[in-house]
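Text of the file upload-v2.txt, holding compact mmCIF, C-alpha atoms and all ligand atoms:
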# COMPACT_ATOMS: atom_id res chain seq x y z
CA MET J 6 84.76 114.23 112.80
CA PRO J 7 84.62 111.10 115.00
CA ASP J 8 86.98 110.68 117.91
CA VAL J 9 89.89 108.26 118.07
CA THR J 10 91.17 106.60 121.22
CA ILE J 11 94.86 106.67 122.09
CA LYS J 12 96.76 105.28 125.04
CA VAL J 13 99.11 107.72 126.74
CA ASP J 14 101.36 106.59 129.57
CA GLY J 15 98.90 103.75 130.15
CA ARG J 16 95.81 105.99 130.20
CA GLU J 17 93.18 106.08 127.45
CA ILE J 18 92.25 109.49 126.05
CA THR J 19 90.21 110.58 123.04
CA ALA J 20 91.23 112.97 120.29
CA LYS J 21 89.67 114.32 117.09
CA THR J 22 90.81 112.47 113.97
CA GLU J 23 92.07 115.65 112.30
CA GLU J 24 94.15 116.64 115.35
CA THR J 25 97.85 116.28 115.92
CA LEU J 26 99.08 114.73 119.16
CA LEU J 27 100.11 117.83 121.11
CA PRO J 28 96.70 119.52 121.40
CA ALA J 29 95.14 116.19 122.38
CA LEU J 30 97.80 115.66 125.07
CA LEU J 31 97.45 119.20 126.42
CA ALA J 32 93.65 118.93 126.49
CA ALA J 33 93.97 115.71 128.48
CA GLY J 34 96.17 117.47 131.05
CA PHE J 35 99.62 116.17 130.06
CA ASP J 36 102.38 118.68 130.73
CA ILE J 37 104.33 118.79 127.47
CA PRO J 38 106.78 121.68 126.96
CA HIS J 39 106.30 123.47 123.64
CA MET J 40 107.54 126.76 122.27
CA CYS J 41 106.78 126.85 118.55
CA TYR J 42 103.17 125.65 118.60
CA ASN J 43 100.07 127.81 118.22
CA GLU J 44 96.73 126.27 117.35
CA GLU J 45 96.00 128.95 114.70
CA ILE J 46 99.24 128.29 112.81
CA LYS J 47 100.41 125.24 110.83
CA PRO J 48 102.87 123.21 112.95
CA TYR J 49 106.48 123.41 111.89
CA GLY J 50 108.41 121.29 114.39
CA ALA J 51 111.09 123.90 115.06
CA CYS J 52 111.81 123.71 118.77
CA ARG J 53 111.46 119.90 119.20
CA LEU J 54 110.54 120.43 122.85
CA CYS J 55 107.23 118.62 122.43
CA ILE J 56 108.82 115.25 121.65
CA VAL J 57 107.15 112.02 122.80
CA GLU J 58 107.65 108.34 122.01
CA VAL J 59 105.16 106.61 119.72
CA GLU J 60 105.00 102.82 119.57
CA ALA J 61 104.21 101.09 116.28
CA GLY J 62 104.98 97.53 115.12
CA GLY J 63 106.83 96.80 118.35
CA ARG J 64 109.21 99.76 117.85
CA ARG J 65 109.24 103.12 119.55
CA SER J 66 110.16 106.31 117.72
CA VAL J 67 110.69 109.81 119.01
CA VAL J 68 108.40 112.31 117.24
CA SER J 69 107.43 115.97 117.57
CA SER J 70 103.91 115.73 118.96
CA CYS J 71 102.80 119.10 117.55
CA SER J 72 103.07 117.86 113.98
CA TYR J 73 102.36 114.12 114.44
CA PRO J 74 98.80 113.08 113.47
CA VAL J 75 96.74 111.02 115.90
CA SER J 76 95.45 107.60 114.85
CA ASP J 77 93.10 105.19 116.53
CA GLY J 78 94.79 102.79 118.96
CA MET J 79 98.15 104.55 118.93
CA VAL J 80 100.34 104.12 121.99
CA VAL J 81 102.28 107.12 123.31
CA TYR J 82 104.81 107.66 126.09
CA THR J 83 105.48 111.21 127.26
CA ASP J 84 107.82 110.87 130.20
CA THR J 85 110.38 108.15 129.53
CA GLU J 86 114.08 108.43 130.38
CA ARG J 87 114.81 108.64 126.64
CA ILE J 88 112.45 111.62 126.23
CA LYS J 89 113.82 113.38 129.31
CA LYS J 90 117.41 112.94 128.08
CA HIS J 91 116.64 114.19 124.55
CA ARG J 92 114.65 117.13 125.90
CA ARG J 93 117.46 118.16 128.26
CA MET J 94 119.85 118.16 125.29
CA ILE J 95 117.42 120.30 123.23
CA VAL J 96 117.08 122.76 126.11
CA GLU J 97 120.86 122.84 126.57
CA LEU J 98 121.27 123.87 122.92
CA LEU J 99 118.58 126.52 123.32
CA LEU J 100 120.24 127.82 126.46
CA ALA J 101 123.59 128.05 124.68
CA ARG J 102 121.93 130.17 121.98
CA CYS J 103 119.86 132.32 124.33
CA PRO J 104 121.57 132.27 127.75
CA ASP J 105 119.81 135.41 128.98
CA VAL J 106 116.27 134.63 127.88
CA LYS J 107 114.12 134.13 130.98
CA GLU J 108 111.70 131.69 129.33
CA VAL J 109 114.62 129.46 128.26
CA ARG J 110 116.25 129.61 131.69
CA ASP J 111 112.90 128.67 133.28
CA LEU J 112 112.64 125.74 130.90
CA ALA J 113 116.16 124.62 131.78
CA ARG J 114 115.16 124.56 135.45
CA ASP J 115 111.92 122.69 134.67
CA VAL J 116 113.70 119.90 132.75
CA GLY J 117 116.36 119.55 135.45
CA LEU J 118 119.33 120.89 133.49
CA GLU J 119 121.77 121.40 136.31
CA HIS J 120 124.87 122.61 134.49
CA GLU J 121 125.69 125.49 132.18
CA PRO J 122 125.54 124.58 128.45
CA ARG J 123 128.56 122.62 127.19
CA PHE J 124 128.24 124.35 123.79
CA ALA J 125 129.66 127.72 122.79
CA LYS J 126 127.34 130.39 124.16
CA ARG J 127 125.82 132.90 121.80
CA ASP J 128 124.04 136.04 122.78
CA LYS J 129 120.76 135.72 120.93
CA GLY J 130 117.30 136.68 122.06
CA CYS J 131 115.38 134.76 119.39
CA ILE J 132 114.96 130.98 119.60
CA LEU J 133 114.12 130.74 115.85
CA CYS J 134 110.76 129.12 116.56
CA GLY J 135 109.26 130.70 113.43
CA LEU J 136 105.95 131.59 115.10
CA CYS J 137 106.24 135.24 114.04
CA THR J 138 107.06 134.51 110.40
CA ARG J 139 104.30 131.89 110.13
CA ALA J 140 101.73 134.16 111.81
CA CYS J 141 102.68 136.97 109.42
CA GLU J 142 102.31 134.70 106.38
CA GLN J 143 99.44 132.39 107.35
CA VAL J 144 97.22 134.50 109.59
CA VAL J 145 97.88 138.06 108.43
CA GLY J 146 98.75 137.18 104.84
CA VAL J 147 101.53 139.69 104.21
CA SER J 148 104.91 137.91 104.78
CA ALA J 149 106.63 141.08 105.98
CA ILE J 150 109.26 139.07 107.87
CA SER J 151 111.03 135.77 107.25
CA PHE J 152 114.19 133.95 108.22
CA VAL J 153 117.27 135.57 106.73
CA GLY J 154 120.88 134.37 106.77
CA ARG J 155 122.15 130.85 107.31
CA GLY J 156 123.60 128.61 109.98
CA PRO J 157 124.67 130.52 113.09
CA ASP J 158 123.79 133.83 111.39
CA LYS J 159 120.17 132.87 110.75
CA GLU J 160 117.71 135.39 112.19
CA VAL J 161 114.24 136.82 111.71
CA GLY J 162 114.05 139.99 109.71
CA THR J 163 112.61 141.96 106.85
CA PRO J 164 113.90 141.41 103.30
CA PHE J 165 117.55 142.60 103.18
CA LEU J 166 117.02 143.70 106.82
CA ASP J 167 115.65 146.91 105.38
CA ARG J 168 112.46 148.85 106.10
CA SER J 169 109.45 146.65 105.29
CA ASP J 170 107.00 148.09 102.77
CA VAL J 171 104.37 145.41 103.28
CA CYS J 172 104.24 145.34 107.09
CA ILE J 173 100.83 146.61 108.26
CA GLY J 174 101.79 147.14 111.90
CA CYS J 175 99.30 144.61 113.31
CA GLY J 176 101.79 143.38 115.93
CA SER J 177 101.09 139.66 115.37
CA CYS J 178 104.84 138.99 115.51
CA TYR J 179 105.02 140.77 118.86
CA TYR J 180 102.00 139.02 120.39
CA VAL J 181 102.92 135.51 119.25
CA CYS J 182 106.63 135.52 120.20
CA PRO J 183 107.13 133.14 123.15
CA VAL J 184 110.30 134.84 124.39
CA ASN J 185 109.41 138.53 124.00
CA TYR J 186 112.08 139.15 121.40
CA VAL J 187 110.01 141.32 119.06
CA GLU J 188 109.90 144.96 120.10
CA MET J 189 106.75 147.05 119.64
CA GLU J 190 106.48 150.62 120.88
CA ASP J 191 102.87 151.71 121.21
CA GLU J 192 102.21 155.40 121.77
CA GLU J 193 98.90 157.25 121.59
CA ASP J 194 99.14 158.08 117.86
CA VAL J 195 101.95 155.95 116.56
CA ARG J 196 103.16 152.36 116.68
CA ARG J 197 106.79 151.45 115.96
CA PHE J 198 108.71 148.25 115.34
CA PRO J 199 112.38 149.25 115.68
CA GLN J 200 113.69 145.88 114.45
CA TRP J 201 111.61 146.09 111.23
CA LYS J 202 112.42 149.83 110.87
CA VAL J 203 108.75 150.82 110.47
CA GLU J 204 106.28 153.10 112.17
CA PHE J 205 102.55 153.60 111.67
CA GLU J 206 100.03 156.35 112.22
CA LYS J 207 97.19 155.15 114.46
CA VAL J 208 93.49 155.90 114.05
CA TRP J 209 90.49 155.11 116.22
CA CYS J 210 88.72 151.79 115.56
CA GLU J 211 85.20 151.71 116.95
CA ARG J 212 84.99 147.94 116.78
CA LEU J 213 88.19 147.37 118.72
CA GLY J 214 87.53 150.37 120.95
CA ARG J 215 91.09 151.71 120.66
CA LYS J 216 93.50 153.33 118.26
CA VAL J 217 95.28 150.96 115.87
CA PRO J 218 97.57 151.42 112.84
CA LYS J 219 95.63 152.86 109.89
CA LYS J 220 97.43 150.51 107.48
CA MET J 221 96.25 147.53 109.53
CA LEU J 222 92.60 148.65 109.29
CA GLU J 223 92.97 149.13 105.54
CA HIS J 224 94.48 145.65 105.16
CA PHE J 225 91.84 143.86 107.20
CA SER J 226 89.03 145.78 105.52
CA LYS J 227 90.29 144.47 102.16
CA ILE J 228 90.46 140.89 103.43
CA ALA J 229 86.97 141.17 104.89
CA LYS J 230 85.76 142.78 101.62
CA ILE J 231 84.62 145.89 103.47
CA PRO J 232 83.96 148.67 100.90
CA GLU J 233 86.76 151.19 100.30
CA GLY J 234 86.34 154.25 102.49
CA TRP J 235 84.46 152.33 105.16
CA PHE J 236 86.79 153.44 107.91
CA GLU J 237 86.57 157.12 106.87
CA GLY J 238 82.78 157.09 106.52
CA SER J 239 81.96 154.95 109.54
CA PRO J 240 82.55 155.28 113.26
CA ALA J 241 85.68 153.16 112.75
CA GLY J 242 87.29 156.09 110.92
CA LYS J 243 87.00 158.44 113.92
CA LYS J 244 90.23 159.98 115.12
S1 LIG U 301 111.25 136.48 117.05
FE1 LIG U 301 110.11 135.31 118.58
S2 LIG U 301 108.45 134.34 117.41
FE2 LIG U 301 109.98 135.04 115.91
S3 LIG U 301 111.29 133.25 115.56
FE3 LIG U 301 112.25 134.48 117.17
S4 LIG U 301 111.50 133.60 119.10
FE4 LIG U 301 110.14 132.87 117.47
S1 LIG U 302 106.11 122.69 119.84
FE1 LIG U 302 106.47 120.93 118.66
S2 LIG U 302 108.40 121.25 117.76
FE2 LIG U 302 108.01 123.08 118.89

Full structure transcribed into structure tokens:
Amino acid sequence: MPDVTIKVDGREITAKTEETLLPALLAAGFDIPHMCYNEEIKPYGACRLCIVEVEAGGRRSVVSSCSYPVSDGMVVYTDTERIKKHRRMIVELLLARCPDVKEVRDLARDVGLEHEPRFAKRDKGCILCGLCTRACEQVVGVSAISFVGRGPDKEVGTPFLDRSDVCIGCGSCYYVCPVNYVEMEDEEDVRRFPQWKVEFEKVWCERLGRKVPKKMLEHFSKIAKIPEGWFEGSPAGKK
């Protein structure tokens, strides 16, 4: 795909036509806060931290750069007073929801939020960025977790907050969470996810060089069309 040229804070940078703005800005060295973006997962625009101003037809609009497509000649501003003010408000709301989450407190310091949130504080550990649910659905392909509940009671969980039958124990939710909310207990022969009420027997995987949940190997062998029994009959099946 050919490159496009965009002007950011007065500087010209190039981006791939199929890209959205955020990866292009990050690659060019712009420091844009972001908490719900991962290049392997479809953007969702949940945290709104990555906002920038885009100028078109003489008007400027505030957009989430992670989901906004680049176009040739576009003009972008990343550090205006309007952006800083909006971002501080977004962080203040996040801090009210998750006052004890280190990553959110660090962010509050970085954006210059100098007072405690003016909104009612809640005691949540999850910022509802949706990275875990999207990774589970889009990358792993099992949808073991999703958002449950509404409004202030919205949270991430398994269906009916019960034990998940489809979870394979891969730990994608744990690895992708930007605020370390998802708990994973990894012992020699077992892996547990207390919040999803599941635990998995682990077996040796030669390719990964470590023990991993058996159900995860079975799932990925199906996706990769590896013949049934491969992990029992191959070095990957070693205990
Ligand atoms: S558990 Fe983590 S990854 Fe999942 S929505 Fe909450 S903050 Fe995001
Ligand atoms: S990173 Fe863009 S909305 Fe969260």

Distance query range 113-117 of chain J at most 7 Å, all atoms listed in the file, self and fewer than 3 positions along chain excluded, as a JSON list (two decimals) with C-alpha atoms, in the coordinates of the input:
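For reference, selection.json as written:
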[["chain", "number", "residue", "atom", "x", "y", "z"],
["J", 93, "ARG", "CA", 117.46, 118.16, 128.26],
["J", 96, "VAL", "CA", 117.08, 122.76, 126.11],
["J", 109, "VAL", "CA", 114.62, 129.46, 128.26],
["J", 110, "ARG", "CA", 116.25, 129.61, 131.69]]

- [ ] Kindly provide, as a VMD selection string, the polymer residues lying within 12 Å of (112.2, 148.0, 114.5), counting only C-alpha atoms and using the coordinates exactly as they appear in the file.
- [x] chain J and resid 150 161 to 163 166 to 169 172 174 176 178 to 179 186 to 190 196 to 205

- [ ] Go ahead and find all residues with at least one atom no further than 12 Å from (117.4, 116.3, 126.9) in the file's coordinates, using all atoms listed in the file; report them as a PyMOL selection string.
- [x] chain J and resi 38+53-57+84-100+112-113+115-119+122

Task: Contacts of range 20-27 of chain J within 9 Å, only C-alpha atoms, excl. fewer than 5 positions in-chain, as a PyMOL selection string - done: chain J and resi 6-11+32+37+39+42+55+69-77

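The two atoms in question, CA of Gln143 in chain J and CA of Glu45 in chain J, are spaced 8.8 Å apart.
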
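Taking CA of Val81 in chain J and CA of Val67 in chain J as endpoints, the distance between them is 9.8 Å.
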
TODO: Measure the distance from CA of Arg139 in chain J to CA of Lys159 in chain J in Å and round it to one decimal.
DONE: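 CA of Arg139 in chain J sits 15.9 Å away from CA of Lys159 in chain J.
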
Please write out the residues within 6 Å of ligand LIG 301 (chain U) as a PDB file with C-alpha atoms, keeping the file's coordinate frame, counting only C-alpha atoms and all ligand atoms.
ATOM      1  CA  CYS J 131     115.380 134.760 119.390  1.00  0.00           C
ATOM      2  CA  ILE J 132     114.960 130.980 119.600  1.00  0.00           C
ATOM      3  CA  LEU J 133     114.120 130.740 115.850  1.00  0.00           C
ATOM      4  CA  CYS J 134     110.760 129.120 116.560  1.00  0.00           C
ATOM      5  CA  GLY J 135     109.260 130.700 113.430  1.00  0.00           C
ATOM      6  CA  LEU J 136     105.950 131.590 115.100  1.00  0.00           C
ATOM      7  CA  CYS J 137     106.240 135.240 114.040  1.00  0.00           C
ATOM      8  CA  VAL J 181     102.920 135.510 119.250  1.00  0.00           C
ATOM      9  CA  CYS J 182     106.630 135.520 120.200  1.00  0.00           C
ATOM     10  CA  PRO J 183     107.130 133.140 123.150  1.00  0.00           C
ATOM     11  CA  VAL J 184     110.300 134.840 124.390  1.00  0.00           C
ATOM     12  CA  TYR J 186     112.080 139.150 121.400  1.00  0.00           C
ATOM     13  CA  VAL J 187     110.010 141.320 119.060  1.00  0.00           C
TER      14      VAL J 187
END
